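What follows is one structure encoded as structure tokens, with my remarks underneath.
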Amino acid sequence: MVVSMLASGFVGMAQENMTAVENVNALFSNVNAKVEKVTSIESDLTMTKHKNLLKRDMVSKGKFYYSKPDKVCMDFEKTRDSKYIINGEKMLMSVTGAKSVRNISSNPMMQEMYKVVSSSMTGNLQALQGDYEMEYLQNATHYMVKITPKNAVKKLIERIELMLLKSDYSVESMKIVEPLKNKKQDADFTQYSFENKKLNVNIPASMFDIKE
């Protein structure tokens with residue numbers, strides 16, 4: 001709970017004093033120029049799930065791995081015995097020893113998350129504009145990109161909020177907000193926070209192996 005409160009506090013501070021980005025094309029160019037040089041990312045990962053039905057947020061710690069162009073691994077095995085791997089069109093979900101392999105299109109929530117992660121990690125934010133309403137905000141230290149689905153996924157996802165560091169245009173956090181079910185409550189959400197990022201490191205190909 002303390003970890004969750006601290007994480008929420010840091011994100012809240014990052015979101016203060018946000019104003020609209022006036023030159024979005026310049027932002028695209030800067031992101032592309034910086035991110036196109038990145039071939040892999042390794043970072044610490046914190047996943048915070050906020051559910052109104054639960055008394056406290058669920059917080060899981062793990063590792064995040066990304067290899068250009070289409071490989072992602074979120075490893076929470078030490079804290080909640082789970083791992084999620086995307087390799088091309090295939091996705092492995094391993095939870096408490098039970099494994100399943102399926103096409104990524106079979107899980108709309110994961111598919112949209114992967115689309116956003118892939119676009120942001122490769123610097124191709126423009127690729128999202130067809131299926132989403134995009135809003136770009138900034139303050140002294142961060143850019144915020146609010147991504148609202150226009151397709152059928154809006155039944156599952158109200159919006160996605162990306163926080164980018166101005167220092168290197170890397171993703172600091174990604175928050176997936178679900179549609180509001182009760183106006184008297186906050187919306188449920190899942191937030192992924194990326195810390196201690198290492199760029200262009202050697203990540204073994206086995207990290208992205210998909211085997212049942």
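Each chain in the structure tokens gets a letter, A, B and so on, in the order shown; residues start at 1 in every chain, and ligands are counted from 1 in the order they appear.
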*Compile the contact shell of stretch 116-121 of chain A as a PyMOL selection string: residues with an atom at most 8 Å away, counting only C-alpha atoms, same-chain residues fewer than 6 positions apart removed.*
chain A and resi 35+69-70+127-128+170-171
Writer output for current selection, all heavy atoms, as a compact mmCIF listing (two decimals), in the first residue's frame:
# COMPACT_ATOMS: atom_id res chain seq x y z
N VAL A 35 14.31 8.00 -30.19
CA VAL A 35 13.91 6.61 -29.95
C VAL A 35 14.36 5.67 -31.06
O VAL A 35 14.57 4.48 -30.82
CB VAL A 35 12.38 6.53 -29.73
CG1 VAL A 35 11.94 5.09 -29.54
CG2 VAL A 35 11.97 7.36 -28.53
N PRO A 69 11.61 -5.17 -33.17
CA PRO A 69 10.47 -4.26 -33.17
C PRO A 69 9.23 -4.77 -32.45
O PRO A 69 8.30 -4.00 -32.22
CB PRO A 69 10.16 -4.14 -34.67
CG PRO A 69 10.45 -5.53 -35.19
CD PRO A 69 11.62 -6.03 -34.38
N ASP A 70 9.17 -6.05 -32.07
CA ASP A 70 7.87 -6.59 -31.65
C ASP A 70 7.97 -7.63 -30.53
O ASP A 70 7.18 -8.56 -30.47
CB ASP A 70 7.15 -7.21 -32.85
CG ASP A 70 7.96 -8.30 -33.54
OD1 ASP A 70 9.04 -8.65 -33.04
OD2 ASP A 70 7.50 -8.80 -34.58
N ALA A 127 1.38 6.60 -35.58
CA ALA A 127 0.68 5.39 -35.99
C ALA A 127 -0.61 5.18 -35.20
O ALA A 127 -1.49 4.43 -35.63
CB ALA A 127 1.59 4.17 -35.81
N LEU A 128 -0.74 5.84 -34.06
CA LEU A 128 -1.92 5.66 -33.22
C LEU A 128 -3.08 6.57 -33.63
O LEU A 128 -4.21 6.36 -33.19
CB LEU A 128 -1.56 5.95 -31.75
CG LEU A 128 -0.48 5.06 -31.12
CD1 LEU A 128 -0.11 5.58 -29.73
CD2 LEU A 128 -0.96 3.61 -31.03
N SER A 170 11.77 8.87 -23.12
CA SER A 170 11.42 7.50 -22.79
C SER A 170 10.11 7.48 -22.00
O SER A 170 9.70 8.47 -21.38
CB SER A 170 12.53 6.82 -21.98
OG SER A 170 12.67 7.44 -20.71
N VAL A 171 9.44 6.33 -22.01
CA VAL A 171 8.17 6.17 -21.30
C VAL A 171 8.44 5.95 -19.81
O VAL A 171 9.12 5.01 -19.42
CB VAL A 171 7.37 4.99 -21.86
CG1 VAL A 171 6.07 4.81 -21.09
CG2 VAL A 171 7.07 5.20 -23.34
_Among stretch 20-210 of chain A, which residues does DSSP mark as helix (DSSP H, G or I) when it is run on the backbone? Keep the chain and numbering as in the structure and answer as a ChimeraX atom specification._
/A:24-35,77-80,104-106,108-121,125-128,152-155,205-208
*For A:Glu178, which residue out of A:Val21, A:Ile157, A:Ser105, A:Glu16 is the nearest one, using only C-alpha atoms?*
A:Ile157
*Skipping near chain neighbours, those fewer than 6 positions away, what residues fall within 10 Å of stretch 130-139 of chain A using only C-alpha atoms, listed as a VMD selection string?*
chain A and resid 14 to 24 27 145 to 154 159 to 166
Just the selected residues (C-alpha atoms), exported as an mmCIF file, in the first residue's frame, please.
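Resulting contents of result.cif:
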data_model
loop_
_atom_site.group_PDB
_atom_site.id
_atom_site.type_symbol
_atom_site.label_atom_id
_atom_site.label_comp_id
_atom_site.auth_asym_id
_atom_site.auth_seq_id
_atom_site.Cartn_x
_atom_site.Cartn_y
_atom_site.Cartn_z
ATOM 1 C CA ALA A 14 4.600 14.730 -12.805
ATOM 2 C CA GLN A 15 1.124 15.635 -14.038
ATOM 3 C CA GLU A 16 1.016 19.051 -12.337
ATOM 4 C CA ASN A 17 0.827 22.300 -14.329
ATOM 5 C CA MET A 18 0.194 20.597 -17.665
ATOM 6 C CA THR A 19 -0.456 22.746 -20.748
ATOM 7 C CA ALA A 20 -1.162 21.832 -24.364
ATOM 8 C CA VAL A 21 1.781 21.092 -26.662
ATOM 9 C CA GLU A 22 1.644 23.763 -29.373
ATOM 10 C CA ASN A 23 3.957 22.133 -31.919
ATOM 11 C CA VAL A 24 3.014 18.458 -32.041
ATOM 12 C CA LEU A 27 7.393 16.560 -30.616
ATOM 13 C CA VAL A 145 -0.083 11.771 -24.213
ATOM 14 C CA LYS A 146 -3.760 11.023 -23.620
ATOM 15 C CA ILE A 147 -4.932 8.291 -25.975
ATOM 16 C CA THR A 148 -8.675 7.681 -26.290
ATOM 17 C CA PRO A 149 -9.904 4.753 -28.432
ATOM 18 C CA LYS A 150 -12.367 5.473 -31.220
ATOM 19 C CA ASN A 151 -12.957 1.801 -32.066
ATOM 20 C CA ALA A 152 -14.814 -1.000 -30.274
ATOM 21 C CA VAL A 153 -12.104 -1.212 -27.624
ATOM 22 C CA LYS A 154 -13.586 1.883 -25.976
ATOM 23 C CA ARG A 159 -8.202 6.074 -22.231
ATOM 24 C CA ILE A 160 -4.492 5.401 -21.954
ATOM 25 C CA GLU A 161 -2.164 7.973 -20.425
ATOM 26 C CA LEU A 162 1.506 7.907 -21.396
ATOM 27 C CA MET A 163 4.037 9.890 -19.398
ATOM 28 C CA LEU A 164 7.262 10.627 -21.309
ATOM 29 C CA LEU A 165 10.379 12.092 -19.746
ATOM 30 C CA LYS A 166 11.505 15.242 -21.505
#
*Determine which residues of chain A receive a DSSP assignment of strand (DSSP E), computed from the backbone, and state them as a PyMOL selection string.*
chain A and resi 19-20+40-50+58-67+71-75+82-87+90-95+98-103+132-138+142-149+159-165+171-177+189-199
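The space separating atom CA of A:Ile210 from atom CA of A:Glu77 comes to 15.6 Å.
Residue nearest A:Met58, chosen from A:Asp188, A:Met109, A:Ser173, A:Glu195 and counting only C-alpha atoms: A:Asp188.
With distances taken over only C-alpha atoms, A:Phe189 is the one residue among A:Tyr84, A:Phe189, A:Phe64, A:Tyr143 lying closest to A:Val177.
Omitting A:Ile41 and its sequence neighbours fewer than 2 positions away, and counting only C-alpha atoms, the residues within 6 Å are Tyr65, Tyr66, Lys198 and Leu199 of chain A.
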Output for the residues just chosen: all heavy atoms as a short mmCIF file (atom, residue, chain, number, x, y, z; two decimals), in the first residue's frame:
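File result_31.cif, as written:
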data_model
loop_
_atom_site.label_atom_id
_atom_site.label_comp_id
_atom_site.auth_asym_id
_atom_site.auth_seq_id
_atom_site.Cartn_x
_atom_site.Cartn_y
_atom_site.Cartn_z
N TYR A 65 11.17 -6.07 -20.35
CA TYR A 65 12.15 -6.22 -21.42
C TYR A 65 11.47 -5.91 -22.75
O TYR A 65 10.36 -6.36 -23.00
CB TYR A 65 12.71 -7.64 -21.46
CG TYR A 65 13.34 -8.11 -20.17
CD1 TYR A 65 12.59 -8.80 -19.22
CD2 TYR A 65 14.69 -7.86 -19.88
CE1 TYR A 65 13.15 -9.23 -18.04
CE2 TYR A 65 15.26 -8.29 -18.70
CZ TYR A 65 14.49 -8.98 -17.78
OH TYR A 65 15.05 -9.40 -16.60
N TYR A 66 12.18 -5.18 -23.58
CA TYR A 66 11.66 -4.86 -24.91
C TYR A 66 12.79 -5.02 -25.92
O TYR A 66 13.92 -4.56 -25.69
CB TYR A 66 11.13 -3.43 -24.97
CG TYR A 66 10.86 -2.93 -26.38
CD1 TYR A 66 9.69 -3.28 -27.04
CD2 TYR A 66 11.78 -2.13 -27.03
CE1 TYR A 66 9.44 -2.84 -28.33
CE2 TYR A 66 11.54 -1.67 -28.32
CZ TYR A 66 10.37 -2.03 -28.97
OH TYR A 66 10.13 -1.59 -30.24
N LYS A 198 17.55 0.74 -18.83
CA LYS A 198 18.83 0.54 -19.50
C LYS A 198 18.53 0.35 -20.99
O LYS A 198 17.73 -0.51 -21.36
CB LYS A 198 19.55 -0.70 -18.95
CG LYS A 198 19.88 -0.60 -17.46
CD LYS A 198 20.52 -1.89 -16.97
CE LYS A 198 20.78 -1.84 -15.47
NZ LYS A 198 21.37 -3.12 -14.99
N LEU A 199 19.18 1.16 -21.81
CA LEU A 199 18.91 1.14 -23.25
C LEU A 199 19.99 0.39 -24.00
O LEU A 199 21.17 0.41 -23.64
CB LEU A 199 18.81 2.57 -23.79
CG LEU A 199 17.83 3.51 -23.07
CD1 LEU A 199 17.83 4.87 -23.74
CD2 LEU A 199 16.43 2.93 -23.02
#
*Quick one: everything within 9 Å of A:Thr48, counting only C-alpha atoms, minus sequence neighbours fewer than 2 positions away in the same chain. Send it as number ranges by chain.*
A: 4, 7, 46, 50, 57-61, 189-193
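Of the residues under consideration (A:Arg80, A:Lys197, A:Lys184, A:Lys34), A:Lys34 shows the shortest atom-to-atom contact distance to A:Tyr169 when counting only C-alpha atoms.
Atom CA of A:Gln185 sits 29.4 Å away from atom CA of A:Met74.
Here atom CA of A:Met47 is placed at a distance of 28.0 Å from atom CA of A:Asn30.
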*Shell of 8 Å around A:Val101, only C-alpha atoms, local chain residues under 2 positions omitted, as a PyMOL selection string*: chain A and resi 90-93+99+103+210-212
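Of the listed residues (A:Lys155, A:Met207, A:Val38, A:Lys181), A:Lys155 comes nearest to A:Pro108; the distances count only C-alpha atoms.
Distance check against A:Asp44 using only C-alpha atoms: of A:Ile85, A:Asn196, A:Ser167, A:Phe76, the minimum falls on A:Asn196.
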